[in-house]
Number of protein chains: 4
Amino acid sequence: MLTPGEALDAAGEVAAALATDVVEREAAGRPPLREVQLLREAGLLPLLVPAEHGGTGAGWDTAYSVVRTVTAVDPSIGQLLGYHYLHAWRIRLNRRADAVDRLDAAGAAGAWFWGGAGNPRDAGLELEPVDGGFLLRGVKHFATGAEVADRITASGTRTDTGEKLSIAVDAHQDGVRHGCDWDALGQRLSASGSITFADAFVAEADVLGPNEQAAPGAPAFATLHVLAFQAMLSQLYVGIAEGALAAGAQYTRTKSRAWATSGVAEAVQDPLVRQRYGELDARLRAAAALTDRACAELAAAAGRGWELTAEERADVAVQLAAAKVVTTGAVLDVTSTVFELTGARATKTGTGLDRYWRDARTLTLHDPVAHNAVEVGDRLLTGAAPVPSAYS
Amino acid sequence: MLTPGEALDAAGEVAAALATDVVEREAAGRPPLREVQLLREAGLLPLLVPAEHGGTGAGWDTAYSVVRTVTAVDPSIGQLLGYHYLHAWRIRLNRRADAVDRLDAAGAAGAWFWGGAGNPRDAGLELEPVDGGFLLRGVKHFATGAEVADRITASGTRTDTGEKLSIAVDAHQDGVRHGCDWDALGQRLSASGSITFADAFVAEADVLGPNEQAAPGAPAFATLHVLAFQAMLSQLYVGIAEGALAAGAQYTRTKSRAWATSGVAEAVQDPLVRQRYGELDARLRAAAALTDRACAELAAAAGRGWELTAEERADVAVQLAAAKVVTTGAVLDVTSTVFELTGARATKTGTGLDRYWRDARTLTLHDPVAHNAVEVGDRLLTGAAPVPSAYS
Amino acid sequence: MLTPGEALDAAGEVAAALATDVVEREAAGRPPLREVQLLREAGLLPLLVPAEHGGTGAGWDTAYSVVRTVTAVDPSIGQLLGYHYLHAWRIRLNRRADAVDRLDAAGAAGAWFWGGAGNPRDAGLELEPVDGGFLLRGVKHFATGAEVADRITASGTRTDTGEKLSIAVDAHQDGVRHGCDWDALGQRLSASGSITFADAFVAEADVLGPNEQAAPGAPAFATLHVLAFQAMLSQLYVGIAEGALAAGAQYTRTKSRAWATSGVAEAVQDPLVRQRYGELDARLRAAAALTDRACAELAAAAGRGWELTAEERADVAVQLAAAKVVTTGAVLDVTSTVFELTGARATKTGTGLDRYWRDARTLTLHDPVAHNAVEVGDRLLTGAAPVPSAYS
Amino acid sequence: MLTPGEALDAAGEVAAALATDVVEREAAGRPPLREVQLLREAGLLPLLVPAEHGGTGAGWDTAYSVVRTVTAVDPSIGQLLGYHYLHAWRIRLNRRADAVDRLDAAGAAGAWFWGGAGNPRDAGLELEPVDGGFLLRGVKHFATGAEVADRITASGTRTDTGEKLSIAVDAHQDGVRHGCDWDALGQRLSASGSITFADAFVAEADVLGPNEQAAPGAPAFATLHVLAFQAMLSQLYVGIAEGALAAGAQYTRTKSRAWATSGVAEAVQDPLVRQRYGELDARLRAAAALTDRACAELAAAAGRGWELTAEERADVAVQLAAAKVVTTGAVLDVTSTVFELTGARATKTGTGLDRYWRDARTLTLHDPVAHNAVEVGDRLLTGAAPVPSAYS
């Protein structure tokens, strides 16, 4: 098992490997099977699993760093890895510690890749009680990573009692079918298509407890995965922006020509180019600093466990909403503006600089940033807490 | 021959026809032969040819309106048409009126489509004197429209005397070869690849006169095509933005769902959506108003013919540079922001909303807008005129 | 009486005179009596009065030009003059043509300065019928210009019948009292304090007709003054921005020092300074172009008289709302950013560059620009017309 | 002596006291003698003096927190206090540890207020050797705090040897004369006028060592005060923005009226108001997060002492330059935009909301932020370090 420090090194090596053919892979748009295998072989999958369960036992700060390193090169794979960490971790927000521990250990031992099937805008899944467990039925869209996953987090409603349960689904069974219908502007390798559960079997041991998240007045801790997703999104935006800025600077340094009337010999000497890169980098540094601060506060909140109060959760939620407002603006600015600093030839297919904008534009639509801003404004104006939901 | 009013109607019909399969055509990326034929059959090609030479005799205001109508639906074809107008018109900036008149008449009669081969960042073309004319040699990149053109404007240097000549090249000959190597992020149907002249024949009658544009102290009128290109670029940016804004609004109106916490039933009732659309539209209206004002000033300058002074040209050049600064900002903002107002599903391939951003991002890199801003600033600060060049 | 051309010259002379001590006058903040007298003596007051009634008979385009020239130097006095034109003109939107003609003629003969008392957020005024007319009672805030006016436009409600009437009030009577309580961040010389009517007499001849503006379903023409105010605000914002930009450029040219690391000898050679001035100027040119276009459409709408339809009015209202969005943004950007281009010493009291920002910040709060944007968005999204009100 | 925790409380009490009459004090513009006395009596002056020398021994994080608390209410006094900390601390960047220790102890014992006289754009000061020390001669502008200081940091050149020396000047002597000529748009209570040294005596014991800062190749540690000033400026900008945002929100909550067409009963329910406040707050949180991160890196660099390398210094310098780019943008946006969210009546004199913009606009011109951006861009593009100077 890797140490946290080794994980950072491994992330760098994975990123270097992904970089060699990312433009071609993105254009081809095949299911990211080899990429997930690369992550697995690098030992990065059990990063957040506690050491006593056989994992690296790293903290979220290490996980974010790993994710950003991969994202800067290949945003789709960065999202897959980031979401994997979220799913592998979020099982802890349930009451059945024994189930969680067992899954943790099995996941570390098997180097499982986790996906999820929880799009809140779809109808809920059904759980029909059968011998030794349940049969799971229903469809979910935007099931990032499920197509290439070993285990899938989900929740369903018992057809007999109406009780909502959190579950982990074994993805290697016939009843789990993938639409392979993700065909979008960006994040093309993120395996974010639909998933259908056609009487998929969920063993009793894979029921994590009641799904308390949906209920009004749910314990703050049980709903913390929502904030963890918002945090991850901001980290992904920062990672994409860092990748685009580095790629742009590399292009300007090595390929761009100075403009005739600029009075300088090389593009990197043009004050207008230098200033604009500096403005982009400054904006990005600020977005990263706020994101890291918000994520540290989230990690602290998670550390409070079931003691976490609604007001403590609200503070973190607002900080994360603020981060998302800022990272969204930064990544869109950076990924579009780098073209102005590289020049017309950088639009040539094969350069691949447009990937960053397409990925950012797609991923930043996860949920509307305007409403994140409203939450921040409410907190300032009236002290109101964001109402816990699937997005806040 | 169409009247100007009929041309506006015809543009609307062409746009409607192009709209039916623009997403598929753009994805396929084939040479725009059918599209140019559509423009030809609609009677739009001889729009600017004076009525006495068999054309519609419309003014630039009509031409811009036609171009924007087409561009709003299919930016590549809009560019092809706009550049065609530029090339068909710019021959008048030469001294040999007889050659110009004859080409005008032949172009109107034959419904010629004009392309150009003038990228200033390439080496110049050579003209070797032969019986009855010249043999033309050399390569030019970014030769928008040349691949589907009947005639091509260019200039070359006599190998014997070193004199620079403006010429019109018959594109239907073996010595004119197309690289078909345009493969970019956007404007994919604009046939903007390279062209090679391999001893292409240029008849003496197709020599338009000395190319005075390149010389320091060139008459202002002779260099007016440069400003006409800048004007057309701004019109194209406005057209792209108008198309994107209309497509976005249509999507929001018919497909977007209201956000859960917005407190309204339909997306078009959300104050945040309404305000943001309003801001985009306001910004675009301002960009269009300045562009139209600048273009009217350009038309007035063109009307001064060889009397046009350097200071008069400078006023127009600065106004156009200002327009380009503003239209560039507007089109990039509109084409990226509409996604926030349509939502995540609008990123699905097939929606085609990303075309607008890709086209805008590609076309706005024609020449660096930062240096347009510098020209405007210089005029304000010191009264300095932009130095006439290939871009100003 | 001046011709329109002479009025433009006179505006330039007035501006030059105002410029000599504007910083001191603004700091002193005395009632602008001498300034109004200067406008009167320059012959600028009867500019819009038809020639057959003894005025200059100029169009709104001339009036806007005059107002912008004065505003660029002294925004308060520009507002006073612009509002005077609005009040002198808006009497025509009433039914009693004889009363309007008589006031026009008297106003031209006497070189009247007009003020207004119509703040819609205050309670309405009362009109008690008496012999030969009415006694007017009530208080209005933000009565720009009333304090220095000869005649005041207003409307009141008859205490007997409840009928609403448009009126012109003779300001030279004891029953007209001025609060002299305007004490704001900007527009300090605009005489925008409160006015109290304490049984002020309004002669029957000064009743212009029923006030149809307030009623739902009012004729579009009767409510056109609202749009005329919106148009004037945008013109004033443009004028302030033009003044600030010119003052900033003058300072940079004559007093700013080049920054040590800029590598140039003079501030006007610094590419960063040149670009930023160019961006500001470009933004302002676009705002001015849209404002002029919207104002031309308003003038055309006014020319339609009582035939004007609600849809025609809506088109103009939306165009003007768009202009206000853009001019507001431009004037705030310009008036704040010029400081970055002039440097720390330009903040010295006495330089007076801050007047522009203070004036802009104050005047742009007339009504919230966010809701202007909403109106533009509504038109785009659903075709909805702005509901006629005191602000749209 | 206060503990660090007590200092934070004391800062809150000082802020509350300053808040009671800040608008009136700012308008009056008297020398801030009472305000400095308030800081002294609160025990805040020896905050950074090591405990072993009789001070609080707090770290920079505490000092920044104290400064921001005061600044949010009274930016001038916040600057005075922040600059005092800089001057009291920067003596440590010199070689004569004994002199520093002695001044530390005396400063703590006497609750000295420190000012500075170091404007790099003025000519240098002269030091004429006399018995027991030197006579100091020369003039410095922008000597913030000197007018109300007990001790003044400065540097001068020996008239005999040409050696540059760092010194601490006793301000309570006839040879120290204050121009009392600070009269600017903002920071009106910051006592930032000129200072004249007319044969002021500097005792040998108050010579801190050679002034190594000015020399090329100076040790990185010796030039760290420059970065400390840049850090303090960003903290002050954040403090001003925090104050303006809180004041704006307070006004909106308690005094603003909902706009008629907003469809809500109170201004705080208007989605457009809530969103805009949220955007401002998010932007400010990001600026604060980057500033705090950069300041922590600066504190770490200071902890390295004379071991600090040029590359380590460069990393901090670039981070701080990035922070300044971001904080400058944030504070100008916040202080201007709050007016849009409070409404027209907030421009009334007496409300005092304009102080924040005036203070921000003045203080952000300390050195041009455009060149901060260039430094960040250079680091990204070529790895170049900012050349140590008086501003970087």
# chains A, B, ... in the order shown; residues from 1 in each chain; ligands from 1

$ select_by_dssp --residues "segment 242-310 of chain D" --states "alpha helix (DSSP H)" --output "ChimeraX atom specification"
/D:242-254,271-303,310

$ closest_atom_pairs --of "chain A" --to "chain B" --cutoff "7 Å" --atoms "only C-alpha atoms" --output "CSV"
residue,atom,partner,partner_atom,distance
A:Asp183,CA,B:Thr349,CA,5.7
A:Ala184,CA,B:Lys348,CA,4.2
A:Leu185,CA,B:Thr347,CA,5.3
A:Glu340,CA,B:Leu365,CA,6.5
A:Gly343,CA,B:Leu365,CA,6.1
A:Ala344,CA,B:Leu365,CA,4.9
A:Thr347,CA,B:Leu185,CA,5.3
A:Lys348,CA,B:Ala184,CA,4.3
A:Thr349,CA,B:Ala184,CA,4.9
A:Thr362,CA,B:Thr347,CA,6.2
A:Leu365,CA,B:Ala344,CA,4.9
A:His366,CA,B:Ala344,CA,6.3
A:Pro368,CA,B:Glu340,CA,6.8

$ write_last_selection --atoms "all heavy atoms" --output "compact mmCIF listing (two decimals), in the first residue's frame"
# COMPACT_ATOMS: atom_id res chain seq x y z
N ASP A 183 -22.60 11.36 -24.30
CA ASP A 183 -22.09 11.94 -25.54
C ASP A 183 -22.25 13.43 -25.42
O ASP A 183 -23.27 14.00 -25.82
CB ASP A 183 -22.89 11.40 -26.71
CG ASP A 183 -22.33 11.88 -28.04
OD1 ASP A 183 -21.17 12.35 -28.05
OD2 ASP A 183 -23.05 11.82 -29.03
N ALA A 184 -21.25 14.05 -24.83
CA ALA A 184 -21.39 15.48 -24.49
C ALA A 184 -20.21 16.27 -25.01
O ALA A 184 -19.22 15.72 -25.51
CB ALA A 184 -21.51 15.64 -22.98
N LEU A 185 -20.35 17.55 -24.86
CA LEU A 185 -19.34 18.52 -25.29
C LEU A 185 -17.99 18.27 -24.62
O LEU A 185 -16.94 18.40 -25.25
CB LEU A 185 -19.86 19.91 -24.92
CG LEU A 185 -18.95 21.10 -25.07
CD1 LEU A 185 -18.51 21.24 -26.50
CD2 LEU A 185 -19.68 22.35 -24.61
N GLU A 340 -6.30 33.61 -26.51
CA GLU A 340 -5.86 34.95 -26.92
C GLU A 340 -4.36 35.12 -26.73
O GLU A 340 -3.75 36.00 -27.32
CB GLU A 340 -6.56 36.01 -26.06
CG GLU A 340 -7.92 36.36 -26.58
CD GLU A 340 -8.69 37.21 -25.58
OE1 GLU A 340 -8.15 38.21 -25.13
OE2 GLU A 340 -9.82 36.82 -25.26
N GLY A 343 -2.65 32.43 -29.66
CA GLY A 343 -2.78 32.86 -31.04
C GLY A 343 -3.54 31.89 -31.91
O GLY A 343 -3.89 30.78 -31.51
N ALA A 344 -3.80 32.33 -33.14
CA ALA A 344 -4.71 31.64 -34.04
C ALA A 344 -4.32 30.18 -34.29
O ALA A 344 -5.17 29.30 -34.39
CB ALA A 344 -4.79 32.40 -35.36
N THR A 347 -5.67 27.03 -32.40
CA THR A 347 -7.00 26.45 -32.58
C THR A 347 -6.97 25.23 -33.48
O THR A 347 -8.00 24.59 -33.72
CB THR A 347 -7.98 27.46 -33.21
OG1 THR A 347 -7.50 27.83 -34.50
CG2 THR A 347 -8.14 28.69 -32.34
N LYS A 348 -5.82 24.90 -33.99
CA LYS A 348 -5.68 23.75 -34.85
C LYS A 348 -6.04 22.47 -34.10
O LYS A 348 -5.59 22.25 -32.98
CB LYS A 348 -4.22 23.68 -35.33
CG LYS A 348 -4.03 23.00 -36.63
CD LYS A 348 -2.63 23.24 -37.17
CE LYS A 348 -2.41 22.39 -38.41
NZ LYS A 348 -1.11 22.67 -39.03
N THR A 349 -6.84 21.64 -34.72
CA THR A 349 -7.14 20.34 -34.13
C THR A 349 -5.81 19.60 -33.92
O THR A 349 -4.95 19.62 -34.78
CB THR A 349 -8.05 19.52 -35.06
OG1 THR A 349 -9.27 20.24 -35.21
CG2 THR A 349 -8.36 18.16 -34.47
N THR A 362 -18.69 21.99 -19.56
CA THR A 362 -19.61 20.89 -19.27
C THR A 362 -19.73 20.66 -17.77
O THR A 362 -20.84 20.59 -17.23
CB THR A 362 -19.09 19.61 -19.96
OG1 THR A 362 -19.02 19.85 -21.37
CG2 THR A 362 -20.02 18.43 -19.70
N LEU A 365 -21.65 23.02 -15.32
CA LEU A 365 -23.11 23.06 -15.37
C LEU A 365 -23.76 22.04 -14.44
O LEU A 365 -24.96 21.83 -14.49
CB LEU A 365 -23.58 22.86 -16.82
CG LEU A 365 -23.09 23.94 -17.78
CD1 LEU A 365 -23.51 23.61 -19.20
CD2 LEU A 365 -23.63 25.30 -17.38
N HIS A 366 -22.96 21.41 -13.61
CA HIS A 366 -23.47 20.39 -12.67
C HIS A 366 -24.73 20.87 -11.95
O HIS A 366 -25.74 20.19 -11.88
CB HIS A 366 -22.37 20.03 -11.68
CG HIS A 366 -22.78 19.02 -10.66
ND1 HIS A 366 -23.43 19.36 -9.50
CD2 HIS A 366 -22.65 17.68 -10.65
CE1 HIS A 366 -23.68 18.26 -8.80
NE2 HIS A 366 -23.20 17.24 -9.47
N PRO A 368 -26.60 25.05 -11.06
CA PRO A 368 -26.39 26.45 -11.47
C PRO A 368 -25.67 27.29 -10.44
O PRO A 368 -26.12 27.42 -9.30
CB PRO A 368 -27.81 26.98 -11.71
CG PRO A 368 -28.74 25.98 -11.18
CD PRO A 368 -28.02 24.70 -10.97

$ select_by_dssp --residues "segment 141-196 of chain C" --states "strand (DSSP E or B)" --output "number ranges by chain"
C: 151-158, 164-170, 176-178, 184, 195-196

$ atom_distance --atom1 "atom CA of Glu204 of chain D" --atom2 "atom CA of Trp89 of chain D"
19.9 Å

$ closest_residue --among "D:Val130, D:Val316, D:Leu44, D:Ala16" --to "Ala299 of chain D" --atoms "only C-alpha atoms"
D:Val316

$ atom_distance --atom1 "atom CA of Leu47 of chain A" --atom2 "atom CA of Trp114 of chain A"
12.4 Å

$ atom_distance --atom1 "atom CA of Ala384 of chain C" --atom2 "atom CA of Arg257 of chain B"
19.6 Å

$ closest_atom_pairs --of "segment 211-231 of chain B" --to "segment 287-296 of chain B" --cutoff "12 Å" --atoms "only C-alpha atoms" --output "Markdown table"
| residue | atom | partner | partner_atom | distance |
| --- | --- | --- | --- | --- |
| B:Leu227 | CA | B:Cys295 | CA | 9.4 |
| B:Ala228 | CA | B:Cys295 | CA | 8.3 |
| B:Phe229 | CA | B:Cys295 | CA | 10.7 |
| B:Gln230 | CA | B:Cys295 | CA | 9.6 |
| B:Ala231 | CA | B:Cys295 | CA | 6.2 |

$ decode --residues "segment 149-184 of chain C" --atoms "N, CA and C atoms" --output "PDB file, in the first residue's frame"
ATOM      1  N   ALA C 149     -35.924  77.074 -10.797  1.00  0.00           N
ATOM      2  CA  ALA C 149     -36.767  77.075 -11.998  1.00  0.00           C
ATOM      3  C   ALA C 149     -37.731  78.253 -12.032  1.00  0.00           C
ATOM      4  N   ASP C 150     -38.186  78.539 -13.265  1.00  0.00           N
ATOM      5  CA  ASP C 150     -39.257  79.504 -13.474  1.00  0.00           C
ATOM      6  C   ASP C 150     -40.619  78.801 -13.511  1.00  0.00           C
ATOM      7  N   ARG C 151     -40.653  77.659 -14.115  1.00  0.00           N
ATOM      8  CA  ARG C 151     -41.873  76.871 -14.177  1.00  0.00           C
ATOM      9  C   ARG C 151     -41.546  75.429 -13.786  1.00  0.00           C
ATOM     10  N   ILE C 152     -42.518  74.764 -13.201  1.00  0.00           N
ATOM     11  CA  ILE C 152     -42.338  73.405 -12.693  1.00  0.00           C
ATOM     12  C   ILE C 152     -43.453  72.512 -13.219  1.00  0.00           C
ATOM     13  N   THR C 153     -43.091  71.412 -13.844  1.00  0.00           N
ATOM     14  CA  THR C 153     -44.118  70.451 -14.268  1.00  0.00           C
ATOM     15  C   THR C 153     -44.458  69.550 -13.088  1.00  0.00           C
ATOM     16  N   ALA C 154     -45.715  69.218 -13.015  1.00  0.00           N
ATOM     17  CA  ALA C 154     -46.166  68.356 -11.913  1.00  0.00           C
ATOM     18  C   ALA C 154     -47.521  67.774 -12.300  1.00  0.00           C
ATOM     19  N   SER C 155     -48.046  66.953 -11.412  1.00  0.00           N
ATOM     20  CA  SER C 155     -49.430  66.532 -11.598  1.00  0.00           C
ATOM     21  C   SER C 155     -50.063  66.413 -10.215  1.00  0.00           C
ATOM     22  N   GLY C 156     -51.362  66.585 -10.168  1.00  0.00           N
ATOM     23  CA  GLY C 156     -52.051  66.546  -8.887  1.00  0.00           C
ATOM     24  C   GLY C 156     -53.450  65.972  -9.046  1.00  0.00           C
ATOM     25  N   THR C 157     -54.059  65.688  -7.917  1.00  0.00           N
ATOM     26  CA  THR C 157     -55.394  65.089  -7.904  1.00  0.00           C
ATOM     27  C   THR C 157     -56.404  66.089  -7.341  1.00  0.00           C
ATOM     28  N   ARG C 158     -57.448  66.305  -8.088  1.00  0.00           N
ATOM     29  CA  ARG C 158     -58.486  67.229  -7.619  1.00  0.00           C
ATOM     30  C   ARG C 158     -59.113  66.700  -6.338  1.00  0.00           C
ATOM     31  N   THR C 159     -59.215  67.559  -5.362  1.00  0.00           N
ATOM     32  CA  THR C 159     -59.786  67.114  -4.084  1.00  0.00           C
ATOM     33  C   THR C 159     -61.294  66.891  -4.198  1.00  0.00           C
ATOM     34  N   ASP C 160     -61.913  67.503  -5.210  1.00  0.00           N
ATOM     35  CA  ASP C 160     -63.369  67.321  -5.314  1.00  0.00           C
ATOM     36  C   ASP C 160     -63.731  66.105  -6.167  1.00  0.00           C
ATOM     37  N   THR C 161     -63.137  65.981  -7.338  1.00  0.00           N
ATOM     38  CA  THR C 161     -63.556  64.919  -8.264  1.00  0.00           C
ATOM     39  C   THR C 161     -62.613  63.732  -8.275  1.00  0.00           C
ATOM     40  N   GLY C 162     -61.414  63.893  -7.720  1.00  0.00           N
ATOM     41  CA  GLY C 162     -60.446  62.807  -7.774  1.00  0.00           C
ATOM     42  C   GLY C 162     -59.747  62.699  -9.125  1.00  0.00           C
ATOM     43  N   GLU C 163     -60.060  63.620 -10.000  1.00  0.00           N
ATOM     44  CA  GLU C 163     -59.418  63.585 -11.330  1.00  0.00           C
ATOM     45  C   GLU C 163     -57.953  63.987 -11.218  1.00  0.00           C
ATOM     46  N   LYS C 164     -57.119  63.288 -11.994  1.00  0.00           N
ATOM     47  CA  LYS C 164     -55.696  63.610 -12.012  1.00  0.00           C
ATOM     48  C   LYS C 164     -55.406  64.578 -13.162  1.00  0.00           C
ATOM     49  N   LEU C 165     -54.671  65.648 -12.876  1.00  0.00           N
ATOM     50  CA  LEU C 165     -54.393  66.660 -13.895  1.00  0.00           C
ATOM     51  C   LEU C 165     -52.892  66.901 -14.027  1.00  0.00           C
ATOM     52  N   SER C 166     -52.465  67.138 -15.261  1.00  0.00           N
ATOM     53  CA  SER C 166     -51.094  67.586 -15.495  1.00  0.00           C
ATOM     54  C   SER C 166     -51.077  69.105 -15.422  1.00  0.00           C
ATOM     55  N   ILE C 167     -50.077  69.643 -14.761  1.00  0.00           N
ATOM     56  CA  ILE C 167     -50.045  71.088 -14.573  1.00  0.00           C
ATOM     57  C   ILE C 167     -48.638  71.650 -14.750  1.00  0.00           C
ATOM     58  N   ALA C 168     -48.600  72.973 -14.988  1.00  0.00           N
ATOM     59  CA  ALA C 168     -47.336  73.710 -14.971  1.00  0.00           C
ATOM     60  C   ALA C 168     -47.474  74.765 -13.898  1.00  0.00           C
ATOM     61  N   VAL C 169     -46.538  74.796 -12.969  1.00  0.00           N
ATOM     62  CA  VAL C 169     -46.658  75.675 -11.812  1.00  0.00           C
ATOM     63  C   VAL C 169     -45.680  76.837 -11.922  1.00  0.00           C
ATOM     64  N   ASP C 170     -46.206  78.048 -11.723  1.00  0.00           N
ATOM     65  CA  ASP C 170     -45.332  79.227 -11.677  1.00  0.00           C
ATOM     66  C   ASP C 170     -44.495  79.143 -10.406  1.00  0.00           C
ATOM     67  N   ALA C 171     -43.176  79.075 -10.562  1.00  0.00           N
ATOM     68  CA  ALA C 171     -42.306  78.860  -9.400  1.00  0.00           C
ATOM     69  C   ALA C 171     -42.071  80.129  -8.592  1.00  0.00           C
ATOM     70  N   HIS C 172     -42.448  81.251  -9.177  1.00  0.00           N
ATOM     71  CA  HIS C 172     -42.162  82.529  -8.498  1.00  0.00           C
ATOM     72  C   HIS C 172     -43.336  82.961  -7.628  1.00  0.00           C
ATOM     73  N   GLN C 173     -43.674  82.200  -6.637  1.00  0.00           N
ATOM     74  CA  GLN C 173     -44.763  82.574  -5.736  1.00  0.00           C
ATOM     75  C   GLN C 173     -44.445  82.004  -4.352  1.00  0.00           C
ATOM     76  N   ASP C 174     -45.054  82.616  -3.364  1.00  0.00           N
ATOM     77  CA  ASP C 174     -44.734  82.245  -1.979  1.00  0.00           C
ATOM     78  C   ASP C 174     -45.096  80.800  -1.656  1.00  0.00           C
ATOM     79  N   GLY C 175     -46.113  80.287  -2.295  1.00  0.00           N
ATOM     80  CA  GLY C 175     -46.554  78.928  -1.966  1.00  0.00           C
ATOM     81  C   GLY C 175     -45.621  77.840  -2.464  1.00  0.00           C
ATOM     82  N   VAL C 176     -44.591  78.232  -3.164  1.00  0.00           N
ATOM     83  CA  VAL C 176     -43.595  77.259  -3.652  1.00  0.00           C
ATOM     84  C   VAL C 176     -42.339  77.405  -2.795  1.00  0.00           C
ATOM     85  N   ARG C 177     -42.070  76.380  -2.013  1.00  0.00           N
ATOM     86  CA  ARG C 177     -40.948  76.480  -1.062  1.00  0.00           C
ATOM     87  C   ARG C 177     -39.952  75.337  -1.275  1.00  0.00           C
ATOM     88  N   HIS C 178     -38.688  75.682  -1.175  1.00  0.00           N
ATOM     89  CA  HIS C 178     -37.641  74.702  -1.482  1.00  0.00           C
ATOM     90  C   HIS C 178     -36.932  74.257  -0.212  1.00  0.00           C
ATOM     91  N   GLY C 179     -36.766  72.962  -0.080  1.00  0.00           N
ATOM     92  CA  GLY C 179     -36.115  72.430   1.114  1.00  0.00           C
ATOM     93  C   GLY C 179     -34.619  72.734   1.147  1.00  0.00           C
ATOM     94  N   CYS C 180     -34.049  72.946  -0.037  1.00  0.00           N
ATOM     95  CA  CYS C 180     -32.595  73.176  -0.108  1.00  0.00           C
ATOM     96  C   CYS C 180     -31.872  72.098   0.690  1.00  0.00           C
ATOM     97  N   ASP C 181     -32.357  70.900   0.607  1.00  0.00           N
ATOM     98  CA  ASP C 181     -31.870  69.812   1.452  1.00  0.00           C
ATOM     99  C   ASP C 181     -31.181  68.715   0.641  1.00  0.00           C
ATOM    100  N   TRP C 182     -30.721  69.060  -0.548  1.00  0.00           N
ATOM    101  CA  TRP C 182     -29.977  68.096  -1.345  1.00  0.00           C
ATOM    102  C   TRP C 182     -28.546  68.074  -0.858  1.00  0.00           C
ATOM    103  N   ASP C 183     -28.119  66.963  -0.340  1.00  0.00           N
ATOM    104  CA  ASP C 183     -26.771  66.877   0.225  1.00  0.00           C
ATOM    105  C   ASP C 183     -26.302  65.454  -0.011  1.00  0.00           C
ATOM    106  N   ALA C 184     -25.731  65.233  -1.172  1.00  0.00           N
ATOM    107  CA  ALA C 184     -25.428  63.862  -1.572  1.00  0.00           C
ATOM    108  C   ALA C 184     -23.991  63.729  -2.015  1.00  0.00           C
TER     109      ALA C 184
END
